[in-house]
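Shown here: run.csv, CSV, N, CA, C and O atoms.
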chain,number,residue,atom,x,y,z
M,117,MET,N,3.2,268.1,-76.6
M,117,MET,CA,3.2,267.3,-75.4
M,117,MET,C,2.4,268.1,-74.3
M,117,MET,O,2.6,269.2,-74.1
M,118,ASN,N,1.6,267.4,-73.6
M,118,ASN,CA,0.8,267.9,-72.5
M,118,ASN,C,1.6,267.7,-71.2
M,118,ASN,O,1.7,266.6,-70.8
M,119,TYR,N,2.0,268.8,-70.6
M,119,TYR,CA,2.8,268.7,-69.4
M,119,TYR,C,1.9,268.6,-68.2
M,119,TYR,O,2.3,268.0,-67.2
M,120,GLY,N,0.8,269.2,-68.1
M,120,GLY,CA,-0.1,269.1,-66.9
M,120,GLY,C,0.6,269.7,-65.7
M,120,GLY,O,1.4,270.6,-65.8
M,121,PHE,N,0.3,269.0,-64.6
M,121,PHE,CA,1.0,269.5,-63.3
M,121,PHE,C,2.3,268.8,-63.2
M,121,PHE,O,2.5,267.6,-63.5
M,122,PRO,N,3.4,269.6,-62.8
M,122,PRO,CA,4.7,269.0,-62.6
M,122,PRO,C,4.7,268.1,-61.4
M,122,PRO,O,3.9,268.1,-60.5
M,123,ASP,N,5.8,267.2,-61.3
M,123,ASP,CA,5.9,266.3,-60.3
M,123,ASP,C,6.0,266.9,-58.9
M,123,ASP,O,5.6,266.4,-57.9
M,124,TRP,N,6.7,268.0,-58.9
M,124,TRP,CA,7.0,268.7,-57.6
M,124,TRP,C,5.7,269.2,-56.9
M,124,TRP,O,5.5,269.3,-55.7
M,125,MET,N,4.6,269.4,-57.8
M,125,MET,CA,3.4,269.9,-57.2
M,125,MET,C,2.7,268.7,-56.5
M,125,MET,O,2.1,269.0,-55.4
M,126,PHE,N,2.8,267.5,-57.0
M,126,PHE,CA,2.2,266.4,-56.3
M,126,PHE,C,3.0,266.1,-55.0
M,126,PHE,O,2.4,265.8,-54.0
M,127,ALA,N,4.3,266.4,-55.0
M,127,ALA,CA,5.1,266.2,-53.7
M,127,ALA,C,4.6,267.3,-52.7
M,127,ALA,O,4.5,267.0,-51.5
M,128,ALA,N,4.4,268.5,-53.2
M,128,ALA,CA,4.0,269.6,-52.3
M,128,ALA,C,2.6,269.3,-51.7
M,128,ALA,O,2.3,269.5,-50.5
M,129,ILE,N,1.7,268.7,-52.5
M,129,ILE,CA,0.3,268.4,-52.1
M,129,ILE,C,0.4,267.3,-51.0
M,129,ILE,O,-0.3,267.3,-50.0
M,130,ALA,N,1.3,266.3,-51.2
M,130,ALA,CA,1.4,265.2,-50.3
M,130,ALA,C,2.0,265.7,-48.9
M,130,ALA,O,1.5,265.3,-47.9
M,131,ILE,N,3.0,266.6,-49.0
M,131,ILE,CA,3.5,267.1,-47.7
M,131,ILE,C,2.5,267.9,-47.0
M,131,ILE,O,2.3,267.8,-45.8
M,132,ALA,N,1.8,268.8,-47.8
M,132,ALA,CA,0.8,269.6,-47.1
M,132,ALA,C,-0.4,268.8,-46.5
M,132,ALA,O,-0.8,269.1,-45.4
M,133,ALA,N,-0.8,267.8,-47.2
M,133,ALA,CA,-1.9,266.9,-46.7
M,133,ALA,C,-1.5,266.2,-45.4
M,133,ALA,O,-2.2,266.2,-44.5
M,134,TYR,N,-0.2,265.7,-45.4
M,134,TYR,CA,0.3,265.1,-44.2
M,134,TYR,C,0.4,266.0,-43.0
M,134,TYR,O,-0.1,265.7,-41.9
M,135,GLU,N,0.9,267.2,-43.3
M,135,GLU,CA,1.1,268.2,-42.2
M,135,GLU,C,-0.2,268.7,-41.7
M,135,GLU,O,-0.4,268.8,-40.5
M,136,LEU,N,-1.2,268.9,-42.6
M,136,LEU,CA,-2.5,269.4,-42.2
M,136,LEU,C,-3.2,268.3,-41.4
M,136,LEU,O,-3.8,268.6,-40.4
M,137,ALA,N,-3.1,267.1,-41.8
M,137,ALA,CA,-3.8,266.0,-41.1
M,137,ALA,C,-3.2,265.8,-39.7
M,137,ALA,O,-3.9,265.5,-38.8
M,138,ALA,N,-1.8,265.9,-39.6
M,138,ALA,CA,-1.2,265.7,-38.3
M,138,ALA,C,-1.6,266.9,-37.4
M,138,ALA,O,-1.8,266.7,-36.2
M,139,TRP,N,-1.7,268.1,-37.9
M,139,TRP,CA,-2.0,269.2,-37.1
M,139,TRP,C,-3.5,269.1,-36.6
M,139,TRP,O,-3.8,269.3,-35.5
M,140,LEU,N,-4.4,268.7,-37.5
M,140,LEU,CA,-5.8,268.5,-37.2
M,140,LEU,C,-5.9,267.4,-36.2
M,140,LEU,O,-6.8,267.4,-35.2
M,141,HIS,N,-5.2,266.3,-36.4
M,141,HIS,CA,-5.2,265.2,-35.5
M,141,HIS,C,-4.8,265.6,-34.0
M,141,HIS,O,-5.4,265.2,-33.1
M,142,GLN,N,-3.8,266.4,-34.0
M,142,GLN,CA,-3.3,266.9,-32.7
M,142,GLN,C,-4.3,267.8,-32.0
M,142,GLN,O,-4.5,267.8,-30.8
M,143,ARG,N,-4.8,268.7,-32.8
M,143,ARG,CA,-5.8,269.7,-32.3
M,143,ARG,C,-7.1,269.1,-31.9
M,143,ARG,O,-7.7,269.4,-30.8
M,144,LEU,N,-7.7,268.2,-32.7
M,144,LEU,CA,-9.0,267.7,-32.5
M,144,LEU,C,-9.0,266.3,-31.9
M,144,LEU,O,-10.1,265.9,-31.4
M,145,GLY,N,-7.9,265.6,-32.0
M,145,GLY,CA,-7.9,264.3,-31.4
M,145,GLY,C,-8.7,263.2,-32.2
M,145,GLY,O,-9.1,262.3,-31.6
M,146,VAL,N,-8.8,263.4,-33.5
M,146,VAL,CA,-9.6,262.5,-34.3
M,146,VAL,C,-8.6,261.6,-35.0
M,146,VAL,O,-7.9,262.1,-35.9
M,147,PRO,N,-8.5,260.3,-34.7
M,147,PRO,CA,-7.5,259.4,-35.3
M,147,PRO,C,-7.7,259.2,-36.8
M,147,PRO,O,-6.7,258.9,-37.5
M,148,TRP,N,-8.9,259.2,-37.3
M,148,TRP,CA,-9.1,258.9,-38.7
M,148,TRP,C,-8.6,260.0,-39.6
M,148,TRP,O,-8.4,259.8,-40.8
M,149,LEU,N,-8.3,261.2,-39.1
M,149,LEU,CA,-7.7,262.3,-39.9
M,149,LEU,C,-6.4,261.9,-40.5
M,149,LEU,O,-6.0,262.3,-41.6
M,150,MET,N,-5.6,261.2,-39.7
M,150,MET,CA,-4.3,260.7,-40.1
M,150,MET,C,-4.4,259.8,-41.3
M,150,MET,O,-3.6,259.8,-42.2
M,151,TRP,N,-5.4,258.9,-41.3
M,151,TRP,CA,-5.6,258.0,-42.4
M,151,TRP,C,-6.0,258.7,-43.7
M,151,TRP,O,-5.6,258.3,-44.8
M,152,VAL,N,-6.7,259.8,-43.5
M,152,VAL,CA,-7.1,260.6,-44.7
M,152,VAL,C,-5.8,261.2,-45.3
M,152,VAL,O,-5.5,261.2,-46.5
M,153,GLY,N,-4.9,261.7,-44.4
M,153,GLY,CA,-3.6,262.3,-44.8
M,153,GLY,C,-2.8,261.2,-45.5
M,153,GLY,O,-2.1,261.4,-46.5
M,154,TYR,N,-2.7,260.0,-44.9
M,154,TYR,CA,-2.0,258.9,-45.5
M,154,TYR,C,-2.5,258.5,-46.9
M,154,TYR,O,-1.8,258.2,-47.8
M,155,GLY,N,-3.8,258.6,-47.0
M,155,GLY,CA,-4.5,258.2,-48.3
M,155,GLY,C,-4.1,259.2,-49.4
M,155,GLY,O,-3.8,258.8,-50.5
M,156,ILE,N,-4.1,260.5,-49.0
M,156,ILE,CA,-3.7,261.5,-50.0
M,156,ILE,C,-2.2,261.4,-50.4
M,156,ILE,O,-1.9,261.5,-51.6
M,157,VAL,N,-1.4,261.1,-49.4
M,157,VAL,CA,0.0,260.9,-49.7
M,157,VAL,C,0.2,259.7,-50.6
M,157,VAL,O,1.0,259.7,-51.6
M,158,ALA,N,-0.5,258.6,-50.3
M,158,ALA,CA,-0.4,257.4,-51.2
M,158,ALA,C,-0.9,257.6,-52.6
M,158,ALA,O,-0.3,257.2,-53.5
M,159,PHE,N,-1.9,258.4,-52.7
M,159,PHE,CA,-2.4,258.8,-54.0
M,159,PHE,C,-1.4,259.6,-54.8
M,159,PHE,O,-1.2,259.3,-56.0
M,160,CYS,N,-0.8,260.6,-54.2
M,160,CYS,CA,0.2,261.4,-54.8
M,160,CYS,C,1.4,260.6,-55.2
M,160,CYS,O,2.0,260.7,-56.3
M,161,VAL,N,1.9,259.6,-54.4
M,161,VAL,CA,3.0,258.7,-54.7
M,161,VAL,C,2.6,257.9,-55.9
M,161,VAL,O,3.4,257.7,-56.8
M,162,LEU,N,1.4,257.4,-55.9
M,162,LEU,CA,1.0,256.5,-57.0
M,162,LEU,C,1.0,257.3,-58.4
M,162,LEU,O,1.4,256.8,-59.4
M,163,VAL,N,0.5,258.6,-58.3
M,163,VAL,CA,0.4,259.4,-59.5
M,163,VAL,C,1.8,259.7,-60.0
M,163,VAL,O,2.1,259.5,-61.2
M,164,VAL,N,2.7,260.0,-59.2
M,164,VAL,CA,4.1,260.3,-59.6
M,164,VAL,C,4.8,259.0,-60.1
M,164,VAL,O,5.5,259.1,-61.1
M,165,ALA,N,4.5,257.9,-59.5
M,165,ALA,CA,5.1,256.6,-59.9
M,165,ALA,C,4.6,256.3,-61.3
M,165,ALA,O,5.4,255.9,-62.2
M,166,ILE,N,3.3,256.4,-61.5
M,166,ILE,CA,2.7,256.1,-62.9
M,166,ILE,C,3.3,257.1,-63.9
M,166,ILE,O,3.7,256.6,-65.0
M,167,ARG,N,3.4,258.3,-63.6
M,167,ARG,CA,4.0,259.3,-64.5
M,167,ARG,C,5.4,259.0,-64.9
M,167,ARG,O,5.9,259.1,-66.0
M,168,TRP,N,6.2,258.5,-63.9
M,168,TRP,CA,7.6,258.2,-64.1
M,168,TRP,C,7.7,257.0,-65.0
M,168,TRP,O,8.5,257.0,-65.9
M,169,VAL,N,6.9,256.0,-64.8
M,169,VAL,CA,6.9,254.8,-65.7
M,169,VAL,C,6.5,255.1,-67.1
M,169,VAL,O,7.1,254.7,-68.0
M,170,VAL,N,5.4,255.9,-67.2
M,170,VAL,CA,5.0,256.3,-68.6
M,170,VAL,C,6.0,257.1,-69.3
M,170,VAL,O,6.3,256.9,-70.5
M,171,ARG,N,6.7,258.0,-68.6
M,171,ARG,CA,7.8,258.8,-69.1
M,171,ARG,C,8.9,257.9,-69.6
M,171,ARG,O,9.5,258.2,-70.7
M,172,ARG,N,9.3,256.9,-68.8
M,172,ARG,CA,10.4,256.0,-69.2
M,172,ARG,C,10.0,255.2,-70.5
M,172,ARG,O,10.8,255.0,-71.3
M,173,VAL,N,8.8,254.7,-70.5
M,173,VAL,CA,8.3,253.9,-71.7
M,173,VAL,C,8.3,254.8,-72.9
M,173,VAL,O,8.7,254.4,-74.0
M,174,GLN,N,7.8,256.0,-72.8
M,174,GLN,CA,7.8,256.9,-74.0
M,174,GLN,C,9.2,257.3,-74.4
M,174,GLN,O,9.4,257.4,-75.6
M,175,GLN,N,10.2,257.4,-73.5
M,175,GLN,CA,11.5,257.7,-73.9
M,175,GLN,C,12.2,256.6,-74.6
M,175,GLN,O,13.0,256.8,-75.5
M,176,GLN,N,11.8,255.4,-74.3
M,176,GLN,CA,12.4,254.2,-75.0
M,176,GLN,C,11.8,254.0,-76.4
M,176,GLN,O,12.4,253.5,-77.3
M,177,LYS,N,10.5,254.5,-76.6
M,177,LYS,CA,9.9,254.3,-77.9
M,177,LYS,C,10.3,255.3,-78.9
M,177,LYS,O,10.4,255.0,-80.1
M,178,ARG,N,10.6,256.5,-78.5
M,178,ARG,CA,11.0,257.5,-79.5
M,178,ARG,C,12.5,257.8,-79.5
M,178,ARG,O,13.2,257.6,-78.5
M,179,PRO,N,13.0,258.4,-80.6
M,179,PRO,CA,14.4,258.7,-80.6
M,179,PRO,C,14.7,259.8,-79.7
M,179,PRO,O,13.9,260.5,-79.2
M,180,SER,N,16.0,260.0,-79.4
M,180,SER,CA,16.5,261.0,-78.4
M,180,SER,C,16.5,262.4,-78.9
M,180,SER,O,17.2,263.2,-78.4
M,181,GLU,N,15.7,262.7,-80.0
M,181,GLU,CA,15.6,264.1,-80.5
M,181,GLU,C,14.8,264.9,-79.5
M,181,GLU,O,13.8,264.5,-79.0
M,182,GLN,N,15.3,266.2,-79.3
M,182,GLN,CA,14.6,267.1,-78.4
M,182,GLN,C,14.5,268.4,-79.1
M,182,GLN,O,15.5,268.9,-79.7
M,183,GLU,N,13.3,269.1,-79.0
M,183,GLU,CA,13.2,270.4,-79.6
M,183,GLU,C,14.1,271.4,-78.9
M,183,GLU,O,14.3,271.3,-77.7
M,184,GLU,N,14.6,272.4,-79.6
M,184,GLU,CA,15.4,273.4,-79.0
M,184,GLU,C,14.7,274.2,-78.0
M,184,GLU,O,15.2,274.6,-77.0
M,185,ASP,N,13.4,274.5,-78.3
M,185,ASP,CA,12.6,275.4,-77.4
M,185,ASP,C,11.7,274.6,-76.5
M,185,ASP,O,10.7,275.1,-75.9
M,186,ASP,N,12.0,273.3,-76.3
M,186,ASP,CA,11.1,272.5,-75.4
M,186,ASP,C,11.1,272.9,-74.0
M,186,ASP,O,10.1,272.8,-73.3
M,187,TRP,N,12.2,273.5,-73.5
M,187,TRP,CA,12.3,273.9,-72.1
M,187,TRP,C,11.3,275.1,-71.8
M,187,TRP,O,10.9,275.3,-70.7
M,188,ARG,N,11.0,275.8,-72.9
M,188,ARG,CA,10.1,276.9,-72.7
M,188,ARG,C,8.6,276.5,-72.4
M,188,ARG,O,7.8,277.2,-71.8
M,189,ASN,N,8.3,275.3,-72.8
M,189,ASN,CA,6.9,274.8,-72.5
M,189,ASN,C,6.7,274.4,-71.1
M,189,ASN,O,5.5,274.1,-70.7
M,190,TYR,N,7.7,274.2,-70.3
M,190,TYR,CA,7.5,273.7,-69.0
M,190,TYR,C,7.1,274.9,-68.1
M,190,TYR,O,6.6,275.4,-67.5
Rewrite the structure from the file as structure tokens, please.
Amino acid sequence: MNYGFPDWMFAAIAIAAYELAAWLHQRLGVPWLMWVGYGIVAFCVLVVAIRWVVRRVQQQKRPSEQEEDDWRNY
């Protein structure tokens, strides 16, 4: 199974993008910077939601067997 980036990493990117956009908006006074931050947050939410749906569909298709050493791959 390909684990890729964990979900918490997308949450961290979304928080960092929002905070950076808010800080730059406050410092520079450019209103469209907040829209860039909102766009990055929306993209991260979309990615996590798609991953969640795919994970649920895959869990329903396969039996509930889990490898003993599966936790080491994360």
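Atom CA of M:Ala130 to atom CA of M:Val173 spans 25.2 Å [interatomic distance, one decimal].
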Counting all atoms listed in the file, closest pick from M:Met150, M:Cys160, M:Arg172, M:Gln142 relative to M:Ile129 is M:Cys160
(request) With a distance cut-off of 7 Å and all atoms listed in the file, select the neighbouring residues of M:Ala133, excluding the residue or stretch itself and same-chain residues fewer than 4 positions from it, and output the selection as a VMD selection string. (result) chain M and resid 127 to 129 137 to 139 149 to 150 152 to 154 156 to 157
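The two atoms in question, atom C of M:Leu140 and atom N of M:Ala165, are spaced 27.2 Å apart.
Atom CA of M:Tyr134 is found 16.3 Å from atom CA of M:Val163.
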